[in-house]
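Here's the structure we're looking at; comments come further down.
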Amino acid sequence: MAEVQTTFVKAINAALARAMRADERVIVLGEDVAEGGPYTTTAGLAEEFGIERVINTPISEAAVCGAAIGAAQAGLRPVVEIMFIDFLTLALDQLVNQAAKAHFMSGGQLTVPLVVRTQGGAGSRSGAQHSQSLEAWLTHVPGLKVVMPSCAADAAGLLASAIADPNPVVFVENKSLYFRRELAPEDPAPVPLGRARTLRPGRDLTIVALSRLVGEALSAAEQLASDGIEAEVIDPRTLTPLDLDTIAESVRRTGRAVVAHEAVYTGGFGAEIAAQLQAAAFDFLKAPIQRVGAPFTPVPVSPPLEDAYRPGAAEIHRAARIAAHWDEPFAASPEPGAVTAP
Amino acid sequence: MGTPTPPPASTSAELDGETALGLLRTMWRIRCFEERVAQLKRTLQVHGLIHLSIGGEGVAAAICGQLRDDDTVYSGHRAHGHAIAKGAPLDRVMAELMGRSDGLCRGLGGSMHLVDRAHGLLGATGVVAGNIPLAVGNALAARLRGSDQVTVVFFGDGAVQTGYFSESVNLAALWELPLILVCENNGFAEFTPRSAHTTVERVCDAVAPYRFPCQSVDGTDVGALFAVFAADLDLARRGRGPLLLECMTHRRRGHYEGDQEAYRDALADAEWQRRDPLARLQADAIAQRWLDEAGAGALEQGARAEVEQAVSFARASPFPALELAGELVYASER
Ligand SMILES: Cc1ncc(C[n+]2csc(CCOP(=O)(O)OP(=O)(O)O)c2C)c(N)n1
Ligand SMILES: [Mg+2]
């Protein structure tokens with residue numbers, strides 16, 4: 001298939017436009033969406049589809065999310081944008097108590113074909129209220145689906161599937177992926193929810209990484225290869241539903257796993273993946289599953305502190321070496337610090 | 001006890017006999033249903049928190065009775081009356097309250113989460129004010145589709161102090177939605193009088209700056225309420241929403257079945273008992289000769305018989321299979 005130069009933001013924008021062209025039930029709502037939004041993800045949509053379908057809303061995250069749920073129950077396919085995932089807190093009651101449970105509590109009478117697009121992640125010196133990674137909260141709620149794309153091509157394909165899905169889907173983007181140059185198919189096919197992607201094959205170790213950490217995992221894998229360790233890199237792409245089969249199949253082969261995300265380590269979704277993995281592959285594990293996440297602090301704004309806060313290739317590399325060398329036989333004169341140095 | 005004062009008549013000038021009898025029939029069905037539910041709650045045959053609307057049936061009857069099946073109703077935790085008046089069959093509502101598989105929601109919703117899609121009841125909610133924004137979205141969808149469908153959302157006076165109410169009123173006004181906000185102001189939120197929650201006495205005052213039509217009416221005067229809502233509905237159908245209707249009502253029972261009712265004022269209760277909307281409308285119907293005493297008795301007996309059938313239906317309905325919970329977490333592609 002023909003590939004084109006694009007960015008994550010352009011891929012999202014094009015996917016929204018494609019969905020709106022194909023289905024007039026698709027509407028977009030959010031703060032400043034008719035002006036393109038602060039990251040230009042909705043640029044040009046109001047011009048093409050009109051402000052009846054690209055609706056600027058007041059700063060009322062709770063009621064706007066609720067209105068989108070009501071519109072979805074009435075048969076539209078709203079895509080509501082919450083500008084920063086940090087402000088999803090204001091809409092959480094609607095997502096958790098209304099959207100997630102409507103199908104269930106109505107005995108199947110209601111469906112909520114809703115997409116909530118939002119973005120998180122640190123790295124922009126924006127401080128602790130504009131930089132969080134809160135996706136794990138959403139994965140704790142039966143009835144919600146949670147998607148976290150790591151590249152432009154997947155973003156387009158997953159967004160198409162999310163819009164077509166009859167359930168509420170939270171689509172979590174990462175702002176530091178937005179403007180990198182990437183290649184993506186000119187006409188991206190929908191990517192089904194619940195199917196992981198293996199980006200790099202490897203026999204020694206499996207790295208499961210989310211969102212921005214997928215690119216970091218690939219860098220770490222390059223470095224590991226020069227250390228003589230072949231790492232397989234898997235992007236689950238959707239947290240709910242989770243493609244445990246693909247991940248567990250890999251870990252049964254490699255016997256070692258690192259799970260990496262940008263969210264704080266404690267209570268992060270990595271804990272869930274690790275727990276499910278140990279149950280699915282216990283007899284095959286040669287080392288404890290290693291986890292990479294941010295420290296248990298709010299995101300600092302001061303540049304050196306934020307840089308130190310954000311996990312990346314170095315942390316993945318270090319965790320991978322621990323896993324890879326865990327069961328090494330005793331050597332007479334071990335290289336000092338070989339395992340833990342980045 | 002002294003001589004009971006007769007109830008003040010309902011303002012039935014706007015009603016014809018047939019409409020009045022229809023309203024009475026609906027109110028009797030709600031009243032008998034809820035009295036039976038109260039009794040069943042004492043023996044734990046219906047489940048969970050049960051909030052009754054006895055004394056407030058007139059609002060449900062006068063409003064839902066004028067809506068079409070394709071007009072949407074959202075409600076809150078005190079929703080049995082709205083569901084019944086909107087057309088939900090008594091037997092399936094009763095089965096829902098008993099957690100049975102023939103319940104409206106297959107036993108997965110319960111008293112606070114009634115949904116009857118076929119009759120336009122898109123849902124009650126246990127989160128106070130949580131459905132007001134959903135009603136906004138429903139009305140937005142109607143407007144975008146260019147239909148003349150109207151959305152009605154019921155909520156209590158306690159809901160008016162939430163952010164949802166304020167945000168939703170702003171959205172509805174901004175987007176000029178075919179939405180009628182109906183506040184049933186019974187002066188209490190759980191056990192606390194309105195004066196302890198806000199300095200704004202009337203709900204109309206809280207939305208005054210938006211300048212959309214807003215009226216405060218006696219929710220026990222079913223004739224007057226019917227006429228006011230008819231005019232509101234006409235405006236909303238013609239795209240002149242949103243509107244707000246504040247119905248002053250009273251709940252004759254506790255906040256939920258089994259509450260201690262220590263906070264209630266017995267004198268006020270006696271006065272409200274006299275203003276029972278059902279007694280008022282029935283007395284008026286008899287005075288207008290639309291009905292005689294025997295006819296009134298027959299209405300009540302008919303409703304009680306239907307409720308007993310509903311109880312038998314619900315008792316005969318099996319509990320849902322355990323697997324049902326897992327099956328309904330996600331909707332599948334259609
Ligand atoms: C968000 C939320 N907070 C608190 C409650 C507990 N609660 C249930 S009903 C109620 C009072 C509601 O009062 P009002 O809106 O006036 O309705 P009424 O019960 O008088 O009909 C409260 C506080 C709740 N269900 N939801
Ligand atoms: Mg109240």
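Residue numbering restarts at 1 for every chain of the structure tokens, chains are lettered A, B, ... in their displayed order, and ligands are numbered from 1 as they appear.
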- Item | At most 10 Å from ligand 1 (only C-alpha atoms and all ligand atoms): residue list as an MDAnalysis selection string | (chainID A and resid 93) or (chainID B and resid 49 51:53 56 76:79 112 125:130 154:162 164 183:194 249:251 254:256)
Take the residues just selected and output them with C-alpha atoms as a PDB file, in the first residue's frame.
ATOM      1  CA  ASP A  93     -18.840  10.384  36.703  1.00  0.00           C
TER       2      ASP A  93
ATOM      3  CA  LEU B  49     -33.450   1.653  47.635  1.00  0.00           C
ATOM      4  CA  HIS B  51     -38.133   5.985  46.418  1.00  0.00           C
ATOM      5  CA  LEU B  52     -41.878   6.460  46.049  1.00  0.00           C
ATOM      6  CA  SER B  53     -43.702   9.349  44.419  1.00  0.00           C
ATOM      7  CA  GLY B  56     -46.634  13.489  43.236  1.00  0.00           C
ATOM      8  CA  GLY B  76     -33.891  10.347  38.457  1.00  0.00           C
ATOM      9  CA  HIS B  77     -34.119   8.060  41.465  1.00  0.00           C
ATOM     10  CA  ARG B  78     -37.867   8.611  42.047  1.00  0.00           C
ATOM     11  CA  ALA B  79     -38.927   7.275  38.677  1.00  0.00           C
ATOM     12  CA  MET B 112     -33.456   3.537  40.132  1.00  0.00           C
ATOM     13  CA  THR B 125     -30.514   7.265  37.242  1.00  0.00           C
ATOM     14  CA  GLY B 126     -29.277   6.822  40.792  1.00  0.00           C
ATOM     15  CA  VAL B 127     -26.847   9.722  40.431  1.00  0.00           C
ATOM     16  CA  VAL B 128     -28.727  12.881  41.366  1.00  0.00           C
ATOM     17  CA  ALA B 129     -28.811  15.187  38.287  1.00  0.00           C
ATOM     18  CA  GLY B 130     -26.694  12.702  36.333  1.00  0.00           C
ATOM     19  CA  PHE B 154     -37.390  15.141  35.576  1.00  0.00           C
ATOM     20  CA  PHE B 155     -35.258  15.987  38.602  1.00  0.00           C
ATOM     21  CA  GLY B 156     -35.736  17.095  42.186  1.00  0.00           C
ATOM     22  CA  ASP B 157     -35.048  20.411  43.886  1.00  0.00           C
ATOM     23  CA  GLY B 158     -31.884  18.876  45.334  1.00  0.00           C
ATOM     24  CA  ALA B 159     -30.487  18.414  41.829  1.00  0.00           C
ATOM     25  CA  VAL B 160     -30.645  22.142  41.149  1.00  0.00           C
ATOM     26  CA  GLN B 161     -27.570  22.783  43.296  1.00  0.00           C
ATOM     27  CA  THR B 162     -25.363  20.467  41.195  1.00  0.00           C
ATOM     28  CA  TYR B 164     -24.700  19.294  36.105  1.00  0.00           C
ATOM     29  CA  CYS B 183     -38.189  20.174  38.536  1.00  0.00           C
ATOM     30  CA  GLU B 184     -40.329  18.407  41.103  1.00  0.00           C
ATOM     31  CA  ASN B 185     -39.762  20.690  44.057  1.00  0.00           C
ATOM     32  CA  ASN B 186     -40.853  18.841  47.174  1.00  0.00           C
ATOM     33  CA  GLY B 187     -38.833  21.119  49.415  1.00  0.00           C
ATOM     34  CA  PHE B 188     -36.548  18.341  50.598  1.00  0.00           C
ATOM     35  CA  ALA B 189     -33.391  16.574  49.497  1.00  0.00           C
ATOM     36  CA  GLU B 190     -33.297  13.414  51.551  1.00  0.00           C
ATOM     37  CA  PHE B 191     -33.819  14.764  55.072  1.00  0.00           C
ATOM     38  CA  THR B 192     -32.716  18.358  54.527  1.00  0.00           C
ATOM     39  CA  PRO B 193     -35.023  21.237  53.646  1.00  0.00           C
ATOM     40  CA  ARG B 194     -34.219  23.340  50.615  1.00  0.00           C
ATOM     41  CA  THR B 249     -45.113  18.935  45.170  1.00  0.00           C
ATOM     42  CA  HIS B 250     -44.858  16.944  48.313  1.00  0.00           C
ATOM     43  CA  ARG B 251     -43.795  13.428  49.012  1.00  0.00           C
ATOM     44  CA  GLY B 254     -40.137   9.055  53.524  1.00  0.00           C
ATOM     45  CA  HIS B 255     -37.240   9.791  51.230  1.00  0.00           C
ATOM     46  CA  TYR B 256     -36.921   6.064  50.696  1.00  0.00           C
TER      47      TYR B 256
END
- Message: Excluding A:Pro78 and its own-chain neighbours fewer than 6 positions away, which residues fall within 12 Å of it when counting only C-alpha atoms? Please give them as a VMD selection string.
- Response: (chain A and resid 16 19 to 20 23 to 30 53 to 55 64 to 72 112 to 117 162 to 169) or (chain B and resid 137 to 138 140 to 141)
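Using only C-alpha atoms and all ligand atoms, the smallest distance between any of B:Cys247, B:Ala124, B:Arg68, B:Glu167 and ligand 2 comes from B:Cys247.
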Residues within 7 Å of stretch 230-239 of chain A, only C-alpha atoms, excluding chain neighbours under 4 positions, as a tab-separated table (two decimals) with all heavy atoms, in the first residue's frame:
chain	number	residue	atom	x	y	z
A	139	THR	N	-9.34	1.65	32.82
A	139	THR	CA	-9.34	0.20	32.59
A	139	THR	C	-9.98	-0.55	33.75
A	139	THR	O	-10.24	-1.74	33.65
A	139	THR	CB	-7.90	-0.35	32.43
A	139	THR	OG1	-7.19	-0.16	33.66
A	139	THR	CG2	-7.17	0.36	31.32
A	146	VAL	N	-10.58	1.02	26.21
A	146	VAL	CA	-9.50	1.99	26.33
A	146	VAL	C	-8.44	1.71	25.28
A	146	VAL	O	-7.91	0.60	25.19
A	146	VAL	CB	-8.86	1.93	27.74
A	146	VAL	CG1	-7.79	3.01	27.88
A	146	VAL	CG2	-9.92	2.09	28.83
A	147	VAL	N	-8.17	2.74	24.46
A	147	VAL	CA	-7.26	2.59	23.33
A	147	VAL	C	-6.09	3.56	23.51
A	147	VAL	O	-6.30	4.70	23.91
A	147	VAL	CB	-8.01	2.92	22.02
A	147	VAL	CG1	-7.08	2.84	20.82
A	147	VAL	CG2	-9.20	1.98	21.83
A	148	MET	N	-4.86	3.12	23.23
A	148	MET	CA	-3.68	3.98	23.37
A	148	MET	C	-2.74	3.76	22.20
A	148	MET	O	-1.82	2.95	22.28
A	148	MET	CB	-2.94	3.65	24.67
A	148	MET	CG	-3.38	4.48	25.83
A	148	MET	SD	-2.36	4.12	27.27
A	148	MET	CE	-1.39	5.61	27.39
A	149	PRO	N	-2.94	4.48	21.10
A	149	PRO	CA	-2.09	4.25	19.93
A	149	PRO	C	-0.68	4.83	20.13
A	149	PRO	O	-0.50	5.79	20.85
A	149	PRO	CB	-2.82	5.00	18.82
A	149	PRO	CG	-3.70	5.98	19.50
A	149	PRO	CD	-3.95	5.51	20.89
A	193	LEU	N	-10.05	-3.36	17.50
A	193	LEU	CA	-9.72	-3.19	18.90
A	193	LEU	C	-9.44	-4.56	19.50
A	193	LEU	O	-10.13	-5.53	19.19
A	193	LEU	CB	-10.88	-2.51	19.65
A	193	LEU	CG	-11.39	-1.20	19.07
A	193	LEU	CD1	-12.43	-0.57	20.01
A	193	LEU	CD2	-10.26	-0.22	18.80
A	194	GLY	N	-8.42	-4.63	20.36
A	194	GLY	CA	-8.14	-5.89	21.03
A	194	GLY	C	-7.13	-6.74	20.30
A	194	GLY	O	-7.05	-7.95	20.54
A	195	ARG	N	-6.36	-6.13	19.39
A	195	ARG	CA	-5.33	-6.91	18.71
A	195	ARG	C	-3.98	-6.20	18.85
A	195	ARG	O	-3.80	-5.08	18.38
A	195	ARG	CB	-5.69	-7.10	17.24
A	195	ARG	CG	-5.07	-8.38	16.70
A	195	ARG	CD	-5.67	-8.80	15.38
A	195	ARG	NE	-7.11	-9.11	15.46
A	195	ARG	CZ	-7.87	-9.25	14.39
A	195	ARG	NH1	-7.37	-9.08	13.18
A	195	ARG	NH2	-9.15	-9.56	14.52
A	196	ALA	N	-3.04	-6.87	19.54
A	196	ALA	CA	-1.72	-6.29	19.75
A	196	ALA	C	-0.91	-6.33	18.47
A	196	ALA	O	-1.26	-7.05	17.52
A	196	ALA	CB	-0.99	-7.06	20.85
A	197	ARG	N	0.18	-5.54	18.42
A	197	ARG	CA	1.06	-5.58	17.25
A	197	ARG	C	2.48	-5.89	17.71
A	197	ARG	O	2.97	-5.27	18.67
A	197	ARG	CB	1.03	-4.24	16.53
A	197	ARG	CG	1.86	-4.23	15.26
A	197	ARG	CD	1.38	-3.15	14.30
A	197	ARG	NE	1.85	-1.83	14.70
A	197	ARG	CZ	2.76	-1.13	14.01
A	197	ARG	NH1	3.29	-1.64	12.91
A	197	ARG	NH2	3.12	0.06	14.42
A	198	THR	N	3.10	-6.84	17.05
A	198	THR	CA	4.49	-7.14	17.36
A	198	THR	C	5.35	-6.34	16.40
A	198	THR	O	5.31	-6.55	15.19
A	198	THR	CB	4.76	-8.65	17.21
A	198	THR	OG1	3.85	-9.35	18.06
A	198	THR	CG2	6.19	-8.99	17.60
A	199	LEU	N	6.14	-5.40	16.95
A	199	LEU	CA	6.88	-4.49	16.09
A	199	LEU	C	8.27	-5.00	15.77
A	199	LEU	O	8.89	-4.56	14.81
A	199	LEU	CB	7.02	-3.12	16.77
A	199	LEU	CG	5.73	-2.33	16.80
A	199	LEU	CD1	5.08	-2.44	18.16
A	199	LEU	CD2	5.99	-0.89	16.44
A	200	ARG	N	8.77	-5.89	16.61
A	200	ARG	CA	10.12	-6.40	16.39
A	200	ARG	C	10.17	-7.80	16.98
A	200	ARG	O	9.75	-7.99	18.12
A	200	ARG	CB	11.11	-5.48	17.10
A	200	ARG	CG	12.55	-5.91	17.02
A	200	ARG	CD	13.42	-5.08	17.96
A	200	ARG	NE	14.77	-5.63	17.96
A	200	ARG	CZ	15.83	-5.00	17.43
A	200	ARG	NH1	15.72	-3.80	16.92
A	200	ARG	NH2	17.01	-5.59	17.45
A	201	PRO	N	10.60	-8.77	16.20
A	201	PRO	CA	10.68	-10.13	16.75
A	201	PRO	C	11.96	-10.31	17.56
A	201	PRO	O	12.95	-9.61	17.30
A	201	PRO	CB	10.71	-11.01	15.50
A	201	PRO	CG	11.32	-10.14	14.44
A	201	PRO	CD	11.03	-8.71	14.79
A	202	GLY	N	11.95	-11.18	18.53
A	202	GLY	CA	13.16	-11.43	19.32
A	202	GLY	C	12.98	-12.70	20.13
A	202	GLY	O	11.88	-13.05	20.51
A	203	ARG	N	14.10	-13.39	20.40
A	203	ARG	CA	13.97	-14.69	21.06
A	203	ARG	C	14.30	-14.64	22.56
A	203	ARG	O	13.98	-15.56	23.30
A	203	ARG	CB	14.85	-15.73	20.37
A	203	ARG	CG	16.32	-15.35	20.40
A	203	ARG	CD	17.26	-16.44	19.92
A	203	ARG	NE	18.63	-16.01	20.19
A	203	ARG	CZ	19.32	-15.21	19.39
A	203	ARG	NH1	18.82	-14.78	18.25
A	203	ARG	NH2	20.56	-14.83	19.73
A	204	ASP	N	14.94	-13.54	23.03
A	204	ASP	CA	15.49	-13.56	24.39
A	204	ASP	C	14.57	-12.94	25.44
A	204	ASP	O	14.68	-13.26	26.63
A	204	ASP	CB	16.83	-12.81	24.43
A	204	ASP	CG	17.85	-13.46	23.51
A	204	ASP	OD1	17.81	-14.71	23.37
A	204	ASP	OD2	18.66	-12.72	22.91
A	205	LEU	N	13.71	-12.05	25.03
A	205	LEU	CA	13.03	-11.19	25.99
A	205	LEU	C	11.84	-10.53	25.31
A	205	LEU	O	11.91	-10.23	24.12
A	205	LEU	CB	14.04	-10.12	26.43
A	205	LEU	CG	13.59	-8.99	27.30
A	205	LEU	CD1	13.77	-9.43	28.75
A	205	LEU	CD2	14.45	-7.76	27.07
A	206	THR	N	10.76	-10.30	26.05
A	206	THR	CA	9.61	-9.60	25.48
A	206	THR	C	9.45	-8.25	26.18
A	206	THR	O	9.41	-8.20	27.41
A	206	THR	CB	8.32	-10.43	25.70
A	206	THR	OG1	8.51	-11.73	25.14
A	206	THR	CG2	7.12	-9.75	25.06
A	207	ILE	N	9.35	-7.20	25.40
A	207	ILE	CA	9.05	-5.88	25.98
A	207	ILE	C	7.63	-5.50	25.55
A	207	ILE	O	7.33	-5.43	24.36
A	207	ILE	CB	10.03	-4.80	25.51
A	207	ILE	CG1	11.48	-5.20	25.83
A	207	ILE	CG2	9.70	-3.45	26.16
A	207	ILE	CD1	12.53	-4.24	25.26
A	208	VAL	N	6.76	-5.29	26.54
A	208	VAL	CA	5.40	-4.83	26.25
A	208	VAL	C	5.36	-3.36	26.62
A	208	VAL	O	5.60	-3.01	27.78
A	208	VAL	CB	4.37	-5.60	27.10
A	208	VAL	CG1	2.95	-5.15	26.76
A	208	VAL	CG2	4.52	-7.10	26.91
A	209	ALA	N	5.10	-2.50	25.65
A	209	ALA	CA	5.16	-1.07	25.92
A	209	ALA	C	3.90	-0.38	25.42
A	209	ALA	O	3.28	-0.82	24.45
A	209	ALA	CB	6.39	-0.47	25.26
A	210	LEU	N	3.52	0.71	26.11
A	210	LEU	CA	2.31	1.45	25.76
A	210	LEU	C	2.67	2.83	25.22
A	210	LEU	O	3.57	3.50	25.74
A	210	LEU	CB	1.43	1.65	27.00
A	210	LEU	CG	1.01	0.41	27.79
A	210	LEU	CD1	0.11	0.83	28.96
A	210	LEU	CD2	0.27	-0.57	26.88
A	214	VAL	N	6.48	2.81	23.31
A	214	VAL	CA	6.72	1.83	22.25
A	214	VAL	C	7.97	2.23	21.47
A	214	VAL	O	8.88	1.42	21.25
A	214	VAL	CB	5.49	1.71	21.32
A	214	VAL	CG1	5.82	0.84	20.11
A	214	VAL	CG2	4.30	1.15	22.09
A	217	ALA	N	10.90	1.65	23.53
A	217	ALA	CA	11.21	0.22	23.62
A	217	ALA	C	11.99	-0.23	22.38
A	217	ALA	O	12.91	-1.05	22.48
A	217	ALA	CB	9.93	-0.59	23.77
A	218	LEU	N	11.65	0.32	21.22
A	218	LEU	CA	12.37	-0.04	20.00
A	218	LEU	C	13.82	0.44	20.08
A	218	LEU	O	14.75	-0.27	19.69
A	218	LEU	CB	11.66	0.53	18.77
A	218	LEU	CG	10.33	-0.17	18.43
A	218	LEU	CD1	9.57	0.60	17.35
A	218	LEU	CD2	10.57	-1.62	17.99
A	221	ALA	N	15.59	-1.81	22.34
A	221	ALA	CA	15.83	-3.11	21.71
A	221	ALA	C	17.06	-3.06	20.80
A	221	ALA	O	17.83	-4.03	20.72
A	221	ALA	CB	14.60	-3.55	20.93
A	224	LEU	N	19.93	-3.23	23.09
A	224	LEU	CA	20.03	-4.59	23.64
A	224	LEU	C	20.64	-5.53	22.61
A	224	LEU	O	21.44	-6.41	22.95
A	224	LEU	CB	18.65	-5.09	24.07
A	224	LEU	CG	18.09	-4.46	25.34
A	224	LEU	CD1	16.59	-4.72	25.45
A	224	LEU	CD2	18.81	-4.98	26.58
A	225	ALA	N	20.28	-5.31	21.33
A	225	ALA	CA	20.82	-6.17	20.27
A	225	ALA	C	22.33	-6.05	20.22
A	225	ALA	O	23.05	-7.05	20.04
A	225	ALA	CB	20.19	-5.80	18.93
A	243	ASP	N	-5.16	-7.86	24.39
A	243	ASP	CA	-4.79	-9.06	23.63
A	243	ASP	C	-3.74	-9.84	24.42
A	243	ASP	O	-2.55	-9.84	24.08
A	243	ASP	CB	-4.27	-8.62	22.25
A	243	ASP	CG	-3.89	-9.79	21.36
A	243	ASP	OD1	-4.03	-10.96	21.81
A	243	ASP	OD2	-3.44	-9.53	20.23
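Shortest atom-to-atom contact with ligand 2 among B:Ala303, B:Ala88, B:Val203, B:Ser166: B:Val203, counting only C-alpha atoms and all ligand atoms.
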- Task: Find the residues around B:Phe229 up to 8 Å (only C-alpha atoms counted), leave out those fewer than 2 positions away in its own chain, and share them as number ranges by chain.
- Result: B: 62-63, 225-227, 231-233, 245
- Task: With a cut-off of 7 Å and counting only C-alpha atoms, select all residues of chain B in contact with chain A and give the selection as number ranges by chain.
- Result: B: 105-106, 108-109, 113, 115, 117, 133-138, 140-141, 164, 167-168, 328-333
So that I can check the surroundings of B:Leu97, please list as a short mmCIF file (atom, residue, chain, number, x, y, z; two decimals) with N, CA and C atoms, in the first residue's frame every protein, DNA and RNA residue that reaches within 12 Å of it, counting only C-alpha atoms and ignoring chain neighbours fewer than 4 positions away.
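Final output, out_37.cif:
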data_model
loop_
_atom_site.label_atom_id
_atom_site.label_comp_id
_atom_site.auth_asym_id
_atom_site.auth_seq_id
_atom_site.Cartn_x
_atom_site.Cartn_y
_atom_site.Cartn_z
N PHE B 33 -49.77 0.92 42.40
CA PHE B 33 -48.49 0.23 42.18
C PHE B 33 -47.53 0.55 43.32
N GLU B 34 -47.41 1.82 43.64
CA GLU B 34 -46.41 2.21 44.65
C GLU B 34 -46.82 1.77 46.05
N ARG B 36 -48.37 -0.88 46.71
CA ARG B 36 -48.06 -2.32 46.74
C ARG B 36 -46.55 -2.54 46.86
N VAL B 37 -45.79 -1.69 46.16
CA VAL B 37 -44.33 -1.79 46.24
C VAL B 37 -43.85 -1.54 47.67
N ALA B 38 -44.46 -0.56 48.33
CA ALA B 38 -44.07 -0.26 49.72
C ALA B 38 -44.29 -1.50 50.59
N LEU B 40 -44.44 -4.64 49.53
CA LEU B 40 -43.50 -5.70 49.13
C LEU B 40 -42.09 -5.43 49.64
N LYS B 41 -41.77 -4.16 49.81
CA LYS B 41 -40.44 -3.82 50.31
C LYS B 41 -40.28 -4.28 51.76
N LEU B 44 -39.14 -7.61 51.73
CA LEU B 44 -37.94 -7.78 50.88
C LEU B 44 -38.22 -8.54 49.58
N GLN B 45 -39.42 -8.34 49.03
CA GLN B 45 -39.71 -8.97 47.73
C GLN B 45 -39.33 -8.07 46.58
N VAL B 46 -39.25 -6.76 46.84
CA VAL B 46 -38.62 -5.85 45.87
C VAL B 46 -37.33 -5.39 46.52
N HIS B 47 -36.37 -4.97 45.67
CA HIS B 47 -35.00 -4.86 46.18
C HIS B 47 -34.44 -3.44 46.11
N GLY B 48 -33.49 -3.20 46.98
CA GLY B 48 -32.70 -1.98 46.91
C GLY B 48 -33.40 -0.77 47.49
N LEU B 49 -32.86 0.40 47.16
CA LEU B 49 -33.45 1.65 47.64
C LEU B 49 -34.70 1.93 46.82
N ILE B 50 -35.81 2.11 47.51
CA ILE B 50 -37.09 2.34 46.83
C ILE B 50 -37.58 3.74 47.19
N HIS B 51 -37.66 4.62 46.20
CA HIS B 51 -38.13 5.98 46.42
C HIS B 51 -39.51 6.11 45.77
N ALA B 79 -38.56 7.34 40.10
CA ALA B 79 -38.93 7.27 38.68
C ALA B 79 -40.11 6.37 38.34
N HIS B 80 -40.65 5.64 39.31
CA HIS B 80 -41.71 4.68 38.95
C HIS B 80 -42.87 5.38 38.24
N LEU B 90 -47.03 -2.23 33.81
CA LEU B 90 -46.87 -2.45 35.25
C LEU B 90 -46.18 -3.76 35.56
N ASP B 91 -46.54 -4.80 34.80
CA ASP B 91 -45.99 -6.11 35.15
C ASP B 91 -44.48 -6.15 34.94
N ARG B 92 -44.02 -5.50 33.88
CA ARG B 92 -42.58 -5.54 33.62
C ARG B 92 -41.82 -4.60 34.56
N VAL B 93 -42.47 -3.53 35.01
CA VAL B 93 -41.82 -2.67 36.01
C VAL B 93 -41.72 -3.45 37.33
N SER B 101 -36.21 -11.88 35.24
CA SER B 101 -35.74 -11.81 33.86
C SER B 101 -36.76 -11.18 32.91
N ASP B 102 -38.03 -11.10 33.33
CA ASP B 102 -39.00 -10.41 32.48
C ASP B 102 -39.14 -8.94 32.85
N GLY B 103 -38.26 -8.46 33.70
CA GLY B 103 -38.27 -7.04 34.03
C GLY B 103 -37.94 -6.20 32.81
N LEU B 104 -38.30 -4.93 32.89
CA LEU B 104 -38.02 -4.01 31.78
C LEU B 104 -36.58 -4.14 31.32
N CYS B 105 -35.66 -4.24 32.26
CA CYS B 105 -34.23 -4.29 31.98
C CYS B 105 -33.66 -5.66 32.29
N ARG B 106 -34.49 -6.66 32.15
CA ARG B 106 -34.09 -8.05 32.38
C ARG B 106 -33.56 -8.27 33.79
N GLY B 107 -33.95 -7.40 34.70
CA GLY B 107 -33.54 -7.55 36.08
C GLY B 107 -32.19 -6.92 36.41
N LEU B 108 -31.59 -6.25 35.43
CA LEU B 108 -30.25 -5.68 35.67
C LEU B 108 -30.28 -4.19 36.03
N GLY B 109 -31.46 -3.58 36.00
CA GLY B 109 -31.54 -2.15 36.28
C GLY B 109 -32.03 -1.88 37.69
N GLY B 110 -33.24 -2.33 37.99
CA GLY B 110 -33.80 -2.08 39.31
C GLY B 110 -34.53 -0.74 39.38
N SER B 111 -35.02 -0.45 40.58
CA SER B 111 -35.90 0.69 40.78
C SER B 111 -35.33 2.01 40.28
N MET B 112 -34.04 2.23 40.48
CA MET B 112 -33.46 3.54 40.13
C MET B 112 -32.95 3.62 38.70
N HIS B 113 -33.05 2.52 37.94
CA HIS B 113 -32.45 2.54 36.60
C HIS B 113 -33.42 2.00 35.56
N LEU B 114 -34.68 2.38 35.68
CA LEU B 114 -35.68 1.88 34.73
C LEU B 114 -35.43 2.48 33.35
N ALA B 310 -49.74 -7.83 38.04
CA ALA B 310 -48.31 -7.53 37.85
C ALA B 310 -47.48 -8.28 38.88
N VAL B 311 -47.98 -8.35 40.12
CA VAL B 311 -47.24 -9.06 41.16
C VAL B 311 -47.16 -10.55 40.81
N ALA B 314 -44.71 -11.02 37.99
CA ALA B 314 -43.32 -10.86 38.42
C ALA B 314 -42.87 -12.07 39.24
N ARG B 315 -43.74 -12.55 40.11
CA ARG B 315 -43.35 -13.70 40.94
C ARG B 315 -43.12 -14.94 40.10
N SER B 317 -41.97 -14.95 37.12
CA SER B 317 -40.84 -14.77 36.21
C SER B 317 -39.56 -15.26 36.88
N PHE B 319 -35.56 -15.65 37.92
CA PHE B 319 -34.41 -14.77 38.02
C PHE B 319 -33.57 -14.97 36.77
#
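The set of residues in stretch 81-231 of chain B assigned to strand (DSSP E or B) by DSSP, using only backbone atoms of this structure, is Asp116, Leu121, Leu122, Gly123, Thr151, Val152, Val153, Phe154, Phe155, Gly156, Leu179, Ile180, Leu181, Val182, Cys183, Glu184, Asn185, Phe188, Ala189, Thr192, Pro193, Cys214, Gln215, Ser216, Val217 and Asp218 of chain B.
Counting only C-alpha atoms and all ligand atoms and comparing B:Ala268, B:Arg252, B:Gly22, B:Pro89, the residue that lies closest to ligand 2 is B:Arg252.
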